[in-house]
file entry_34.pdb (PDB, C-alpha atoms)
ATOM      1  CA  MET N   1     220.669 136.289  -6.849  1.00  0.00           C
ATOM      2  CA  VAL N   2     224.116 136.442  -5.273  1.00  0.00           C
ATOM      3  CA  ASN N   3     224.174 137.137  -1.540  1.00  0.00           C
ATOM      4  CA  PHE N   4     226.894 139.734  -0.848  1.00  0.00           C
ATOM      5  CA  GLU N   5     226.514 139.623   2.942  1.00  0.00           C
ATOM      6  CA  PRO N   6     229.746 138.752   4.764  1.00  0.00           C
ATOM      7  CA  ARG N   7     230.078 135.059   5.590  1.00  0.00           C
ATOM      8  CA  GLU N   8     230.223 135.890   9.272  1.00  0.00           C
ATOM      9  CA  LYS N   9     226.865 137.647   9.060  1.00  0.00           C
ATOM     10  CA  GLN N  10     225.339 134.818   7.018  1.00  0.00           C
ATOM     11  CA  GLY N  11     226.618 132.252   9.515  1.00  0.00           C
ATOM     12  CA  SER N  12     225.257 134.287  12.409  1.00  0.00           C
ATOM     13  CA  ALA N  13     221.832 134.454  10.754  1.00  0.00           C
ATOM     14  CA  GLU N  14     221.797 130.701  10.208  1.00  0.00           C
ATOM     15  CA  ARG N  15     222.789 130.039  13.811  1.00  0.00           C
ATOM     16  CA  SER N  16     220.061 132.401  14.980  1.00  0.00           C
ATOM     17  CA  LYS N  17     217.518 130.630  12.789  1.00  0.00           C
ATOM     18  CA  ALA N  18     218.511 127.238  14.175  1.00  0.00           C
ATOM     19  CA  GLY N  19     218.550 128.603  17.701  1.00  0.00           C
ATOM     20  CA  SER N  20     214.962 129.779  17.440  1.00  0.00           C
ATOM     21  CA  TYR N  21     213.903 126.157  16.931  1.00  0.00           C
ATOM     22  CA  ILE N  22     216.358 124.494  19.294  1.00  0.00           C
ATOM     23  CA  ASN N  23     213.827 123.387  21.935  1.00  0.00           C
ATOM     24  CA  GLN N  24     211.334 122.199  19.344  1.00  0.00           C
ATOM     25  CA  VAL N  25     214.053 120.387  17.420  1.00  0.00           C
ATOM     26  CA  LYS N  26     215.039 118.605  20.631  1.00  0.00           C
ATOM     27  CA  GLN N  27     211.430 117.606  21.359  1.00  0.00           C
ATOM     28  CA  LEU N  28     210.819 116.519  17.767  1.00  0.00           C
ATOM     29  CA  ARG N  29     214.008 114.492  17.775  1.00  0.00           C
ATOM     30  CA  GLU N  30     212.937 112.726  20.991  1.00  0.00           C
ATOM     31  CA  GLU N  31     209.437 112.027  19.654  1.00  0.00           C
ATOM     32  CA  THR N  32     210.386 110.842  16.154  1.00  0.00           C
ATOM     33  CA  GLU N  33     214.083 109.822  16.394  1.00  0.00           C
ATOM     34  CA  ALA N  34     214.593 111.578  13.050  1.00  0.00           C
ATOM     35  CA  PRO N  35     218.022 113.175  12.377  1.00  0.00           C
ATOM     36  CA  VAL N  36     218.461 116.672  13.825  1.00  0.00           C
ATOM     37  CA  ASN N  37     218.893 118.327  10.425  1.00  0.00           C
ATOM     38  CA  GLU N  38     215.685 116.689   9.161  1.00  0.00           C
ATOM     39  CA  CYS N  39     213.809 117.874  12.266  1.00  0.00           C
ATOM     40  CA  LEU N  40     215.028 121.412  11.657  1.00  0.00           C
ATOM     41  CA  LYS N  41     214.010 121.322   7.973  1.00  0.00           C
ATOM     42  CA  ALA N  42     210.571 119.939   8.880  1.00  0.00           C
ATOM     43  CA  LEU N  43     210.015 122.628  11.525  1.00  0.00           C
ATOM     44  CA  GLU N  44     211.039 125.347   9.090  1.00  0.00           C
ATOM     45  CA  GLU N  45     208.614 123.999   6.483  1.00  0.00           C
ATOM     46  CA  ALA N  46     205.897 123.759   9.158  1.00  0.00           C
ATOM     47  CA  GLN N  47     206.698 127.295  10.357  1.00  0.00           C
ATOM     48  CA  GLY N  48     207.344 126.079  13.893  1.00  0.00           C
ATOM     49  CA  ASP N  49     204.248 123.871  14.199  1.00  0.00           C
ATOM     50  CA  ARG N  50     205.617 120.675  15.803  1.00  0.00           C
ATOM     51  CA  GLU N  51     202.592 118.478  15.033  1.00  0.00           C
ATOM     52  CA  LYS N  52     202.679 119.545  11.389  1.00  0.00           C
ATOM     53  CA  ALA N  53     206.431 118.896  11.385  1.00  0.00           C
ATOM     54  CA  LYS N  54     205.746 115.323  12.533  1.00  0.00           C
ATOM     55  CA  GLU N  55     203.432 114.805   9.572  1.00  0.00           C
ATOM     56  CA  ILE N  56     206.088 116.200   7.227  1.00  0.00           C
ATOM     57  CA  LEU N  57     208.702 113.820   8.657  1.00  0.00           C
ATOM     58  CA  ARG N  58     206.313 110.880   8.251  1.00  0.00           C
ATOM     59  CA  LYS N  59     205.695 111.894   4.639  1.00  0.00           C
ATOM     60  CA  TRP N  60     209.421 112.152   3.935  1.00  0.00           C
ATOM     61  CA  GLY N  61     209.963 108.809   5.617  1.00  0.00           C
ATOM     62  CA  LYS N  62     207.328 107.108   3.472  1.00  0.00           C
ATOM     63  CA  ILE N  63     208.774 108.610   0.283  1.00  0.00           C
ATOM     64  CA  LEU N  64     212.265 107.455   1.263  1.00  0.00           C
ATOM     65  CA  ALA N  65     211.002 104.012   2.215  1.00  0.00           C
ATOM     66  CA  ALA N  66     209.080 103.676  -1.053  1.00  0.00           C
ATOM     67  CA  LYS N  67     212.322 104.251  -2.963  1.00  0.00           C
ATOM     68  CA  LYS N  68     214.042 101.446  -1.059  1.00  0.00           C
ATOM     69  CA  VAL N  69     211.441  98.671  -1.024  1.00  0.00           C
ATOM     70  CA  GLU N  70     212.671  97.177  -4.313  1.00  0.00           C
ATOM     71  CA  ARG N  71     216.250  96.839  -3.118  1.00  0.00           C
ATOM     72  CA  GLU N  72     217.544  93.314  -2.616  1.00  0.00           C
ATOM     73  CA  VAL N  73     217.876  92.148   0.987  1.00  0.00           C
ATOM     74  CA  LYS N  74     220.758  89.695   1.316  1.00  0.00           C
ATOM     75  CA  GLU N  75     221.602  90.289   4.969  1.00  0.00           C
ATOM     76  CA  GLY N  76     219.646  90.248   8.222  1.00  0.00           C
ATOM     77  CA  ILE N  77     219.180  88.274  11.411  1.00  0.00           C
ATOM     78  CA  VAL N  78     217.157  85.443  12.883  1.00  0.00           C
ATOM     79  CA  ASP N  79     215.716  86.513  16.219  1.00  0.00           C
ATOM     80  CA  VAL N  80     214.180  84.220  18.829  1.00  0.00           C
ATOM     81  CA  TYR N  81     211.772  85.103  21.628  1.00  0.00           C
ATOM     82  CA  LEU N  82     210.569  82.846  24.435  1.00  0.00           C
ATOM     83  CA  HIS N  83     207.814  84.097  26.721  1.00  0.00           C
ATOM     84  CA  PRO N  84     208.672  83.916  30.462  1.00  0.00           C
ATOM     85  CA  ASN N  85     206.018  81.230  30.966  1.00  0.00           C
ATOM     86  CA  LYS N  86     207.849  79.105  28.364  1.00  0.00           C
ATOM     87  CA  LYS N  87     204.553  78.358  26.629  1.00  0.00           C
ATOM     88  CA  VAL N  88     204.923  80.725  23.663  1.00  0.00           C
ATOM     89  CA  GLY N  89     207.974  81.052  21.408  1.00  0.00           C
ATOM     90  CA  VAL N  90     208.713  82.944  18.187  1.00  0.00           C
ATOM     91  CA  ILE N  91     211.378  82.625  15.494  1.00  0.00           C
ATOM     92  CA  LEU N  92     211.647  85.595  13.116  1.00  0.00           C
ATOM     93  CA  GLU N  93     213.703  86.132   9.956  1.00  0.00           C
ATOM     94  CA  LEU N  94     214.222  89.872   9.417  1.00  0.00           C
ATOM     95  CA  ARG N  95     216.161  90.937   6.324  1.00  0.00           C
ATOM     96  CA  CYS N  96     218.106  94.078   5.372  1.00  0.00           C
ATOM     97  CA  GLU N  97     220.653  95.072   2.740  1.00  0.00           C
ATOM     98  CA  SER N  98     223.940  95.139   4.647  1.00  0.00           C
ATOM     99  CA  ASP N  99     225.669  93.387   7.528  1.00  0.00           C
ATOM    100  CA  PHE N 100     226.305  96.851   8.984  1.00  0.00           C
ATOM    101  CA  VAL N 101     222.571  97.453   9.468  1.00  0.00           C
ATOM    102  CA  ALA N 102     221.998  93.845  10.579  1.00  0.00           C
ATOM    103  CA  LYS N 103     224.334  94.561  13.502  1.00  0.00           C
ATOM    104  CA  ASN N 104     222.703  97.923  14.248  1.00  0.00           C
ATOM    105  CA  GLU N 105     221.053  98.138  17.669  1.00  0.00           C
ATOM    106  CA  ASP N 106     217.890  99.754  16.268  1.00  0.00           C
ATOM    107  CA  PHE N 107     217.506  96.965  13.709  1.00  0.00           C
ATOM    108  CA  GLN N 108     217.903  94.325  16.396  1.00  0.00           C
ATOM    109  CA  LYS N 109     215.434  96.125  18.658  1.00  0.00           C
ATOM    110  CA  LEU N 110     212.961  96.154  15.759  1.00  0.00           C
ATOM    111  CA  ALA N 111     213.339  92.389  15.412  1.00  0.00           C
ATOM    112  CA  HIS N 112     212.618  91.986  19.128  1.00  0.00           C
ATOM    113  CA  GLU N 113     209.528  94.222  18.900  1.00  0.00           C
ATOM    114  CA  LEU N 114     208.235  92.150  15.993  1.00  0.00           C
ATOM    115  CA  CYS N 115     208.769  88.957  17.978  1.00  0.00           C
ATOM    116  CA  LEU N 116     206.776  90.425  20.874  1.00  0.00           C
ATOM    117  CA  GLN N 117     204.011  91.414  18.438  1.00  0.00           C
ATOM    118  CA  ILE N 118     203.858  87.919  16.961  1.00  0.00           C
ATOM    119  CA  ALA N 119     203.814  86.306  20.395  1.00  0.00           C
ATOM    120  CA  ALA N 120     200.987  88.568  21.612  1.00  0.00           C
ATOM    121  CA  SER N 121     198.829  88.873  18.483  1.00  0.00           C
ATOM    122  CA  ASN N 122     199.376  85.520  16.755  1.00  0.00           C
ATOM    123  CA  PRO N 123     199.331  86.603  13.083  1.00  0.00           C
ATOM    124  CA  ARG N 124     199.138  83.858  10.471  1.00  0.00           C
ATOM    125  CA  PHE N 125     200.750  85.664   7.553  1.00  0.00           C
ATOM    126  CA  VAL N 126     203.373  88.367   6.971  1.00  0.00           C
ATOM    127  CA  SER N 127     201.170  90.480   4.678  1.00  0.00           C
ATOM    128  CA  GLU N 128     197.873  90.342   2.811  1.00  0.00           C
ATOM    129  CA  GLU N 129     199.746  89.273  -0.338  1.00  0.00           C
ATOM    130  CA  ASN N 130     200.735  86.070   1.465  1.00  0.00           C
ATOM    131  CA  ILE N 131     197.158  84.938   2.157  1.00  0.00           C
ATOM    132  CA  PRO N 132     196.241  82.060  -0.204  1.00  0.00           C
ATOM    133  CA  GLN N 133     193.245  82.826  -2.379  1.00  0.00           C
ATOM    134  CA  GLU N 134     191.498  79.655  -1.243  1.00  0.00           C
ATOM    135  CA  THR N 135     191.761  80.847   2.364  1.00  0.00           C
ATOM    136  CA  LEU N 136     190.073  84.139   1.474  1.00  0.00           C
ATOM    137  CA  GLU N 137     187.362  82.351  -0.455  1.00  0.00           C
ATOM    138  CA  LYS N 138     186.713  80.031   2.479  1.00  0.00           C
ATOM    139  CA  GLU N 139     186.410  82.971   4.870  1.00  0.00           C
ATOM    140  CA  ARG N 140     184.086  84.777   2.455  1.00  0.00           C
ATOM    141  CA  GLU N 141     181.907  81.657   2.225  1.00  0.00           C
ATOM    142  CA  ILE N 142     181.694  81.381   6.031  1.00  0.00           C
ATOM    143  CA  TYR N 143     180.673  85.030   6.437  1.00  0.00           C
ATOM    144  CA  SER N 144     178.134  84.766   3.607  1.00  0.00           C
ATOM    145  CA  GLU N 145     176.490  81.767   5.253  1.00  0.00           C
ATOM    146  CA  GLN N 146     176.371  83.576   8.603  1.00  0.00           C
ATOM    147  CA  PHE N 147     174.315  86.426   7.153  1.00  0.00           C
ATOM    148  CA  SER N 148     172.400  84.667   4.368  1.00  0.00           C
ATOM    149  CA  ALA N 149     169.342  84.211   6.609  1.00  0.00           C
ATOM    150  CA  SER N 150     169.485  87.690   8.128  1.00  0.00           C
ATOM    151  CA  GLY N 151     166.824  89.053   5.782  1.00  0.00           C
ATOM    152  CA  LYS N 152     169.068  91.944   4.786  1.00  0.00           C
ATOM    153  CA  PRO N 153     169.317  92.981   1.121  1.00  0.00           C
ATOM    154  CA  PRO N 154     172.107  91.209  -0.835  1.00  0.00           C
ATOM    155  CA  ALA N 155     174.025  94.463  -1.269  1.00  0.00           C
ATOM    156  CA  ILE N 156     174.047  95.047   2.505  1.00  0.00           C
ATOM    157  CA  VAL N 157     175.079  91.441   3.164  1.00  0.00           C
ATOM    158  CA  ASN N 158     177.905  91.842   0.649  1.00  0.00           C
ATOM    159  CA  ASP N 159     179.124  95.008   2.397  1.00  0.00           C
ATOM    160  CA  ILE N 160     179.088  93.197   5.761  1.00  0.00           C
ATOM    161  CA  VAL N 161     180.977  90.232   4.324  1.00  0.00           C
ATOM    162  CA  GLU N 162     183.618  92.485   2.747  1.00  0.00           C
ATOM    163  CA  GLY N 163     183.967  94.385   6.015  1.00  0.00           C
ATOM    164  CA  LYS N 164     184.541  91.161   7.948  1.00  0.00           C
ATOM    165  CA  LEU N 165     187.004  89.997   5.318  1.00  0.00           C
ATOM    166  CA  LYS N 166     188.928  93.253   5.669  1.00  0.00           C
ATOM    167  CA  LYS N 167     189.058  92.792   9.440  1.00  0.00           C
ATOM    168  CA  TYR N 168     190.251  89.212   8.988  1.00  0.00           C
ATOM    169  CA  LYS N 169     193.121  90.414   6.801  1.00  0.00           C
ATOM    170  CA  GLU N 170     194.086  93.132   9.278  1.00  0.00           C
ATOM    171  CA  GLU N 171     194.091  90.736  12.234  1.00  0.00           C
ATOM    172  CA  SER N 172     195.736  87.805  10.417  1.00  0.00           C
ATOM    173  CA  CYS N 173     198.616  89.702   8.782  1.00  0.00           C
ATOM    174  CA  LEU N 174     201.558  90.932  10.829  1.00  0.00           C
ATOM    175  CA  LEU N 175     202.137  94.086   8.787  1.00  0.00           C
ATOM    176  CA  SER N 176     198.457  95.074   8.976  1.00  0.00           C
ATOM    177  CA  GLN N 177     198.136  94.625  12.728  1.00  0.00           C
ATOM    178  CA  LEU N 178     198.071  97.544  15.138  1.00  0.00           C
ATOM    179  CA  TRP N 179     201.286  97.714  17.133  1.00  0.00           C
ATOM    180  CA  ILE N 180     200.613  96.454  20.657  1.00  0.00           C
ATOM    181  CA  LYS N 181     202.750  99.255  22.143  1.00  0.00           C
ATOM    182  CA  ASP N 182     201.161 102.100  20.146  1.00  0.00           C
ATOM    183  CA  GLU N 183     197.813 101.475  18.467  1.00  0.00           C
ATOM    184  CA  THR N 184     198.092 104.680  16.437  1.00  0.00           C
ATOM    185  CA  LYS N 185     200.582 102.751  14.288  1.00  0.00           C
ATOM    186  CA  LYS N 186     200.412  99.573  12.267  1.00  0.00           C
ATOM    187  CA  ILE N 187     203.397  97.256  12.094  1.00  0.00           C
ATOM    188  CA  LYS N 188     203.993  98.305   8.484  1.00  0.00           C
ATOM    189  CA  ASP N 189     204.304 101.916   9.738  1.00  0.00           C
ATOM    190  CA  LEU N 190     206.901 100.784  12.279  1.00  0.00           C
ATOM    191  CA  LEU N 191     208.793  99.049   9.486  1.00  0.00           C
ATOM    192  CA  THR N 192     208.597 102.151   7.266  1.00  0.00           C
ATOM    193  CA  GLU N 193     210.003 104.327  10.052  1.00  0.00           C
ATOM    194  CA  HIS N 194     212.997 102.028  10.440  1.00  0.00           C
ATOM    195  CA  ILE N 195     213.577 101.887   6.674  1.00  0.00           C
ATOM    196  CA  ALA N 196     213.736 105.685   6.649  1.00  0.00           C
ATOM    197  CA  LYS N 197     215.871 105.829   9.785  1.00  0.00           C
ATOM    198  CA  LEU N 198     218.405 103.137   8.834  1.00  0.00           C
ATOM    199  CA  GLY N 199     218.474 103.963   5.122  1.00  0.00           C
ATOM    200  CA  GLU N 200     217.966 100.412   3.872  1.00  0.00           C
ATOM    201  CA  ASN N 201     215.136  98.198   2.753  1.00  0.00           C
ATOM    202  CA  ILE N 202     213.885  95.987   5.591  1.00  0.00           C
ATOM    203  CA  VAL N 203     211.728  92.921   4.987  1.00  0.00           C
ATOM    204  CA  VAL N 204     210.030  90.424   7.281  1.00  0.00           C
ATOM    205  CA  ARG N 205     210.868  87.311   5.322  1.00  0.00           C
ATOM    206  CA  ASP N 206     209.206  84.723   7.560  1.00  0.00           C
ATOM    207  CA  PHE N 207     208.218  83.819  11.108  1.00  0.00           C
ATOM    208  CA  SER N 208     206.957  80.896  13.150  1.00  0.00           C
ATOM    209  CA  ARG N 209     205.000  80.990  16.389  1.00  0.00           C
ATOM    210  CA  PHE N 210     204.877  78.015  18.721  1.00  0.00           C
ATOM    211  CA  SER N 211     202.548  77.646  21.683  1.00  0.00           C
ATOM    212  CA  ILE N 212     201.515  75.180  24.350  1.00  0.00           C
ATOM    213  CA  LYS N 213     197.750  75.467  24.774  1.00  0.00           C
TER
END

call {"tool": "encode", "arguments": {"input": "entry_34.pdb", "output": "structure tokens"}}
result
Amino acid sequence: MVNFEPREKQGSAERSKAGSYINQVKQLREETEAPVNECLKALEEAQGDREKAKEILRKWGKILAAKKVEREVKEGIVDVYLHPNKKVGVILELRCESDFVAKNEDFQKLAHELCLQIAASNPRFVSEENIPQETLEKEREIYSEQFSASGKPPAIVNDIVEGKLKKYKEESCLLSQLWIKDETKKIKDLLTEHIAKLGENIVVRDFSRFSIK
């Protein structure tokens, strides 16, 4: 249907609509760092419910990130972190698609946050896909031996072993770890947020952690 209202009236209505959400848009922008127009759209879809709008933005971010994860990452940076006590150091290779994003402050801050995470939480692998099968089998064997004499039914023992194996994966893999600065998020969630925000695929290619024990 064609809208025959004068452009001035239409523009006034749109400004009024945006104005009704202005404080919430500001708060949502501060809490999520999403673009203003996306915050406004999310609030409109959520009918002014800010918490629901956050969920909508997260959903949009994941969809956007999912579309970008197959893109080739030829650019990026190598970041280095040395703990003040000089007993723990980290080298991280973080990849992206363009030199423009590699030089972006948010991208470089992300690299620093990942270095801090690695220094504090000592992951062994980037993701679960990087864990060698023989390592998983060895861990499974250790857990099975621990509970073999417990007297519990085999099915229960198997559930316990699988639970411990799941925990091992979560603690050993950088992307599966809880972020040390916000344990409501995993590192892979932090990565997804930056993929959505910066508009490019971002990949942790490799890292090394050194320590004096």

call {"tool": "closest_residue", "arguments": {"input": "entry_34.pdb", "among": "N:Glu200, N:Glu97, N:Glu170, N:Asp106", "to": "Ser127 of chain N", "atoms": "all atoms listed in the file"}}
result
N:Glu170

call {"tool": "atom_distance", "arguments": {"input": "entry_34.pdb", "atom1": "atom CA of Val90 of chain N", "atom2": "atom CA of Tyr168 of chain N"}}
result
21.6 Å

call {"tool": "residues_around", "arguments": {"input": "entry_34.pdb", "residues": "Lys41 of chain N", "least_positions_apart": "6", "cutoff": "10 Å", "atoms": "all atoms listed in the file", "output": "list in words"}}
result
Ala18, Val25, Gln47, Ala53, Ile56 and Leu57 of chain N

call {"tool": "residues_around", "arguments": {"input": "entry_34.pdb", "residues": "segment 147-150 of chain N", "least_positions_apart": "5", "cutoff": "12 Å", "atoms": "only C-alpha atoms", "output": "list in words"}}
result
Arg140, Glu141, Ile142, Ala155, Ile156, Val157, Asn158, Asp159, Ile160, Val161, Glu162 and Lys164 of chain N

call {"tool": "resolve_selection", "arguments": {"input": "entry_34.pdb", "expression": "the PyMOL selection byres ((chain N and resi 121-126) around 6)", "output": "ChimeraX atom specification"}}
result
/N:117-120,127,172-174

call {"tool": "resolve_selection", "arguments": {"input": "entry_34.pdb", "expression": "the PyMOL selection byres ((chain N and resi 104) around 12)", "output": "mmCIF file with C-alpha atoms, in the coordinates of the input"}}
result
data_model
loop_
_atom_site.group_PDB
_atom_site.id
_atom_site.type_symbol
_atom_site.label_atom_id
_atom_site.label_comp_id
_atom_site.auth_asym_id
_atom_site.auth_seq_id
_atom_site.Cartn_x
_atom_site.Cartn_y
_atom_site.Cartn_z
ATOM 1 C CA GLY N 76 219.646 90.248 8.222
ATOM 2 C CA ILE N 77 219.180 88.274 11.411
ATOM 3 C CA CYS N 96 218.106 94.078 5.372
ATOM 4 C CA SER N 98 223.940 95.139 4.647
ATOM 5 C CA ASP N 99 225.669 93.387 7.528
ATOM 6 C CA PHE N 100 226.305 96.851 8.984
ATOM 7 C CA VAL N 101 222.571 97.453 9.468
ATOM 8 C CA ALA N 102 221.998 93.845 10.579
ATOM 9 C CA LYS N 103 224.334 94.561 13.502
ATOM 10 C CA GLU N 105 221.053 98.138 17.669
ATOM 11 C CA ASP N 106 217.890 99.754 16.268
ATOM 12 C CA PHE N 107 217.506 96.965 13.709
ATOM 13 C CA GLN N 108 217.903 94.325 16.396
ATOM 14 C CA LYS N 109 215.434 96.125 18.658
ATOM 15 C CA LEU N 110 212.961 96.154 15.759
ATOM 16 C CA ALA N 111 213.339 92.389 15.412
ATOM 17 C CA HIS N 194 212.997 102.028 10.440
ATOM 18 C CA LYS N 197 215.871 105.829 9.785
ATOM 19 C CA LEU N 198 218.405 103.137 8.834
ATOM 20 C CA GLY N 199 218.474 103.963 5.122
ATOM 21 C CA GLU N 200 217.966 100.412 3.872
#

call {"tool": "resolve_selection", "arguments": {"input": "entry_34.pdb", "expression": "the PyMOL selection byres ((chain N and resi 78) around 8)", "output": "PyMOL selection string"}}
result
chain N and resi 76-77+79-80+91-94

call {"tool": "axis_aligned_box", "arguments": {"input": "entry_34.pdb", "around": "segment 34-51 of chain N", "padding_each_side": "4 Å", "output": "JSON"}}
result
{"center_x": 210.7, "center_y": 119.4, "center_z": 11.1, "size_x": 24.3, "size_y": 23.7, "size_z": 17.3}

call {"tool": "closest_residue", "arguments": {"input": "entry_34.pdb", "among": "N:Glu113, N:Glu38, N:Glu72, N:Asp49", "to": "Trp179 of chain N", "atoms": "only C-alpha atoms"}}
result
N:Glu113

call {"tool": "atom_distance", "arguments": {"input": "entry_34.pdb", "atom1": "atom CA of Lys87 of chain N", "atom2": "atom CA of Cys115 of chain N"}}
result
14.3 Å

call {"tool": "closest_residue", "arguments": {"input": "entry_34.pdb", "among": "N:Leu175, N:Ala46, N:Leu82, N:Ile131", "to": "His112 of chain N", "atoms": "all atoms listed in the file"}}
result
N:Leu82

call {"tool": "closest_residue", "arguments": {"input": "entry_34.pdb", "among": "N:His83, N:Ile180, N:Glu75, N:Lys166", "to": "Arg95 of chain N", "atoms": "all atoms listed in the file"}}
result
N:Glu75

call {"tool": "residues_around", "arguments": {"input": "entry_34.pdb", "residues": "Arg50 of chain N", "least_positions_apart": "3", "cutoff": "7 Å", "atoms": "all atoms listed in the file", "output": "JSON, numbers by chain"}}
result
{"N": [24, 28, 43, 53, 54]}

call {"tool": "residues_around", "arguments": {"input": "entry_34.pdb", "residues": "Ile212 of chain N", "least_positions_apart": "6", "cutoff": "10 Å", "atoms": "all atoms listed in the file", "output": "list in words"}}
result
Lys86, Lys87, Val88 and Gly89 of chain N

call {"tool": "atom_distance", "arguments": {"input": "entry_34.pdb", "atom1": "atom CA of Ser176 of chain N", "atom2": "atom CA of Arg29 of chain N"}}
result
26.4 Å

call {"tool": "closest_residue", "arguments": {"input": "entry_34.pdb", "among": "N:Tyr143, N:Ile195, N:Asn85, N:Leu114", "to": "Lys167 of chain N", "atoms": "all atoms listed in the file"}}
result
N:Tyr143

call {"tool": "closest_residue", "arguments": {"input": "entry_34.pdb", "among": "N:Ala42, N:Leu190, N:Val36, N:Ile202", "to": "Gln177 of chain N", "atoms": "all atoms listed in the file"}}
result
N:Leu190

call {"tool": "decode", "arguments": {"input": "entry_34.pdb", "residues": "segment 138-150 of chain N", "atoms": "N, CA and C atoms", "output": "mmCIF file, in the first residue's frame"}}
result
data_model
loop_
_atom_site.group_PDB
_atom_site.id
_atom_site.type_symbol
_atom_site.label_atom_id
_atom_site.label_comp_id
_atom_site.auth_asym_id
_atom_site.auth_seq_id
_atom_site.Cartn_x
_atom_site.Cartn_y
_atom_site.Cartn_z
ATOM 1 N N LYS N 138 43.350 -41.338 25.897
ATOM 2 C CA LYS N 138 44.149 -41.482 27.111
ATOM 3 C C LYS N 138 43.408 -40.926 28.314
ATOM 4 N N GLU N 139 42.778 -39.765 28.158
ATOM 5 C CA GLU N 139 41.999 -39.180 29.238
ATOM 6 C C GLU N 139 40.825 -40.079 29.613
ATOM 7 N N ARG N 140 40.148 -40.613 28.602
ATOM 8 C CA ARG N 140 39.014 -41.513 28.860
ATOM 9 C C ARG N 140 39.466 -42.748 29.639
ATOM 10 N N GLU N 141 40.625 -43.268 29.283
ATOM 11 C CA GLU N 141 41.176 -44.451 29.967
ATOM 12 C C GLU N 141 41.479 -44.139 31.432
ATOM 13 N N ILE N 142 42.057 -42.960 31.681
ATOM 14 C CA ILE N 142 42.382 -42.553 33.058
ATOM 15 C C ILE N 142 41.114 -42.447 33.899
ATOM 16 N N TYR N 143 40.094 -41.779 33.361
ATOM 17 C CA TYR N 143 38.840 -41.615 34.107
ATOM 18 C C TYR N 143 38.149 -42.955 34.340
ATOM 19 N N SER N 144 38.214 -43.841 33.348
ATOM 20 C CA SER N 144 37.582 -45.158 33.487
ATOM 21 C C SER N 144 38.237 -45.960 34.599
ATOM 22 N N GLU N 145 39.563 -45.880 34.676
ATOM 23 C CA GLU N 145 40.291 -46.597 35.724
ATOM 24 C C GLU N 145 39.977 -46.031 37.108
ATOM 25 N N GLN N 146 39.793 -44.709 37.174
ATOM 26 C CA GLN N 146 39.488 -44.065 38.453
ATOM 27 C C GLN N 146 38.183 -44.570 39.050
ATOM 28 N N PHE N 147 37.214 -44.872 38.189
ATOM 29 C CA PHE N 147 35.882 -45.243 38.685
ATOM 30 C C PHE N 147 35.530 -46.716 38.470
ATOM 31 N N SER N 148 36.478 -47.488 37.949
ATOM 32 C CA SER N 148 36.191 -48.903 37.672
ATOM 33 C C SER N 148 35.895 -49.691 38.939
ATOM 34 N N ALA N 149 36.510 -49.284 40.062
ATOM 35 C CA ALA N 149 36.309 -50.018 41.323
ATOM 36 C C ALA N 149 35.294 -49.332 42.229
ATOM 37 N N SER N 150 34.515 -48.429 41.684
ATOM 38 C CA SER N 150 33.562 -47.675 42.505
ATOM 39 C C SER N 150 32.319 -48.487 42.860
#
